[in-house]
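First comes the structure, then the notes that go with it.
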Amino acid sequence: MTTAGCPLCGAPRRRDVVSTGEWRLVRCLGCGLYYRNPPPAEVLRRHYETIYEDDSTSDYIDERRRAVFAPFLKDFRPRGRSRLLDIGCGSGEFLTLARERGWSVEGVEVSPRGAALARRRGLVVHAAVEDLPDDAYDVVTLWNVIDFFSRPLEQMRQIRRVLAPSGAAVVRAPNAVFQLAAWRLSRVLVWPAPLASLMRDAYFFQPLVWSPRTLRRLLEDAGFIGVRLWNSEPSWGDPYHAASRGREHVVSLVKQGLRALAQAVALASRRRVLIGSSISASGQK
């Protein structure tokens, strides 16, 4: 079974990029979006069940993702009535940090277990964006969420609807430029074995894989203005794999080296070329 068309633009024509016995990653020939075909219906459910199956797993991930949130908490000051909504808030780690810095926070979480962990922290958590009122929030954040969207354009328009006038959406997602380069390198690099192992763990293909071009198109087609993109700060260590402390330090050193390279390329190209492992974008209503 295959999808009827591209999840972003609806175009039916696509080209295989990665093919395994179970699934394919394709590129839309209309807008350039990379997406899994057929869409993995069970990926989202299994993803959240695994993350929130016990408190120790959630705590492990939260600790390593604080580096991802740090630039936002430093650079985005509370604005307007300081109302912040985090889509896919999980256990509420980011919202807790934002609340400590003066934001009035709420979240949306589809996982009952994740929502329960967030509510245990005294956070307000909603089940769906569609249930929220118009013009209700000054900032909406989406940390590695849009790669699981089933109707990305429609869902981003819903997010724009709940933003107050001049409110901002801040989005983070894995970067297709990096993910595909890492996948290609992993196919040919077999020695030394430790480096080959790191390369095999360096990439992953979610249901949707956004490039700077398609992420910009998503926000602009949803009605956002003043869209800008940048290389996102990497998480510390290996958040989704229980690695030894020594291996985590190696992973972090590699990540920081790649981040420095990505920043140099971005600076030299005046941000026209973004090769970081993840990218972030913001746009205003």
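If you're wondering about the labels, chains in the structure tokens are A, B, ... by order shown, residues count from 1 in each chain, ligands from 1 in order shown.
Shell of Phe204 of chain A at 10 Å, with only C-alpha atoms counted and residues fewer than 4 places along the chain excluded, is Pro174, Ala176, Gln179, Leu180, Ala182, Trp183, Arg200 and Val209 of chain A.
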### Query
Please, which residues of segment 124-202 of chain A, numbered as in this document, come out strand (DSSP E) from DSSP, as a PyMOL selection string?
chain A and resi 125-126+137-143+163-174
Inset, instruction - Within 9 Å of Glu93 of chain A, counting only C-alpha atoms, which residues show up once you throw out same-chain ones fewer than 3 positions away? Write them as a ChimeraX atom specification, please. - result: /A:59,62-63,65-66,89-90,96-98,118
Which residues of segment 53-172 of chain A have any atom within 10 Å of an atom in segment 5-8 of chain A when counting only C-alpha atoms, and what is the closest pair of atoms for each, with the distance in Å to one decimal? Order the rows by chain and rising number and write it as a tab-separated table.
residue	atom	partner	partner_atom	distance
A:Phe149	CA	A:Pro7	CA	8.8
A:Ser150	CA	A:Pro7	CA	7.0
A:Arg151	CA	A:Pro7	CA	6.2
A:Pro152	CA	A:Leu8	CA	6.2
A:Leu153	CA	A:Leu8	CA	6.2
A:Glu154	CA	A:Leu8	CA	9.2
Non-local contacts of Leu95 of chain A (12 Å; only C-alpha atoms; under 6 positions in same chain excluded) as a CSV table (one decimal) with N, CA and C atoms, in the first residue's frame:
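Once written, result-v9.csv looks like this:
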chain,number,residue,atom,x,y,z
A,62,ASP,N,15.1,13.4,29.3
A,62,ASP,CA,15.0,14.8,29.7
A,62,ASP,C,16.3,15.4,29.9
A,66,ARG,N,18.1,18.8,27.5
A,66,ARG,CA,18.2,20.2,28.0
A,66,ARG,C,19.0,21.1,27.2
A,69,PHE,N,17.0,22.8,24.4
A,69,PHE,CA,16.1,23.8,24.9
A,69,PHE,C,16.9,25.1,25.2
A,72,PHE,N,16.6,28.5,23.2
A,72,PHE,CA,15.3,29.1,23.3
A,72,PHE,C,15.2,29.9,24.6
A,73,LEU,N,15.5,29.2,25.7
A,73,LEU,CA,15.3,29.8,27.0
A,73,LEU,C,16.2,31.0,27.2
A,83,ARG,N,2.3,33.7,27.3
A,83,ARG,CA,1.6,32.4,27.2
A,83,ARG,C,2.3,31.6,26.2
A,84,LEU,N,2.8,30.4,26.7
A,84,LEU,CA,3.6,29.5,25.9
A,84,LEU,C,2.9,28.1,25.8
A,85,LEU,N,2.8,27.6,24.6
A,85,LEU,CA,2.2,26.3,24.4
A,85,LEU,C,3.2,25.4,23.7
A,86,ASP,N,3.5,24.2,24.3
A,86,ASP,CA,4.4,23.3,23.8
A,86,ASP,C,3.7,22.1,23.2
A,87,ILE,N,3.8,21.9,21.9
A,87,ILE,CA,3.1,20.7,21.3
A,87,ILE,C,4.0,19.5,21.4
A,88,GLY,N,3.4,18.4,21.9
A,88,GLY,CA,4.2,17.2,22.1
A,88,GLY,C,5.1,17.4,23.3
A,89,CYS,N,4.5,17.9,24.4
A,89,CYS,CA,5.3,18.3,25.6
A,89,CYS,C,5.9,17.2,26.4
A,101,ARG,N,11.4,30.4,34.1
A,101,ARG,CA,11.9,31.6,33.5
A,101,ARG,C,10.8,32.6,33.2
A,102,GLY,N,9.7,32.5,33.8
A,102,GLY,CA,8.6,33.5,33.7
A,102,GLY,C,7.5,33.3,32.7
A,103,TRP,N,7.6,32.2,32.0
A,103,TRP,CA,6.5,31.9,31.0
A,103,TRP,C,5.3,31.3,31.7
A,104,SER,N,4.1,31.6,31.2
A,104,SER,CA,2.9,31.0,31.6
A,104,SER,C,2.6,29.8,30.6
A,105,VAL,N,2.7,28.6,31.1
A,105,VAL,CA,2.9,27.5,30.2
A,105,VAL,C,1.7,26.5,30.2
A,106,GLU,N,1.5,25.9,29.0
A,106,GLU,CA,0.6,24.8,28.8
A,106,GLU,C,1.2,23.8,27.8
A,107,GLY,N,0.6,22.6,27.7
A,107,GLY,CA,1.2,21.7,26.7
A,107,GLY,C,0.1,20.9,26.0
A,108,VAL,N,0.4,20.2,25.0
A,108,VAL,CA,-0.4,19.3,24.2
A,108,VAL,C,0.4,18.0,24.2
A,118,ALA,N,3.6,14.8,32.9
A,118,ALA,CA,3.6,16.3,32.9
A,118,ALA,C,2.6,16.9,34.0
A,119,ARG,N,1.5,16.3,34.1
A,119,ARG,CA,0.5,16.8,35.1
A,119,ARG,C,1.0,16.6,36.5
A,121,ARG,N,3.8,17.2,37.4
A,121,ARG,CA,4.6,18.4,37.7
A,121,ARG,C,3.7,19.6,37.8
A,122,GLY,N,2.4,19.5,37.9
A,122,GLY,CA,1.6,20.6,38.0
A,122,GLY,C,1.3,21.4,36.8
A,123,LEU,N,1.5,20.8,35.6
A,123,LEU,CA,1.3,21.4,34.3
A,123,LEU,C,-0.1,21.1,33.7
A,124,VAL,N,-0.6,22.1,33.0
A,124,VAL,CA,-1.8,22.0,32.2
A,124,VAL,C,-1.5,21.3,30.9
A,125,VAL,N,-2.1,20.2,30.6
A,125,VAL,CA,-1.8,19.5,29.4
A,125,VAL,C,-3.2,19.1,28.7
A,140,VAL,N,4.3,29.2,20.4
A,140,VAL,CA,4.0,27.8,20.3
A,140,VAL,C,5.3,27.1,19.9
A,141,THR,N,5.8,26.1,20.7
A,141,THR,CA,7.0,25.4,20.4
A,141,THR,C,6.7,24.0,19.9
A,142,LEU,N,7.5,23.4,19.0
A,142,LEU,CA,7.3,22.0,18.6
A,142,LEU,C,8.7,21.4,18.5
A,143,TRP,N,9.1,20.7,19.5
A,143,TRP,CA,10.4,20.1,19.5
A,143,TRP,C,10.4,18.7,18.9
field: Residue neighbourhood Arg161 of chain A, 10 Å, only C-alpha atoms, exclusion window fewer than 6 positions, as a count of residues only
entry: 12
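Restricting the calculation to only C-alpha atoms, the smallest distance between Ser235 of chain A and any of A:Gln263, A:Ser277, A:Asn37, A:Ser211 is found for A:Ser277.
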If you run DSSP on the backbone here, which positions in segment 85-253 of chain A get helix (DSSP H, G or I)? Please write them as a ChimeraX atom specification. /A:93-100,112-120,129-131,146-148,152-162,176-188,193-202,212-221,245-253
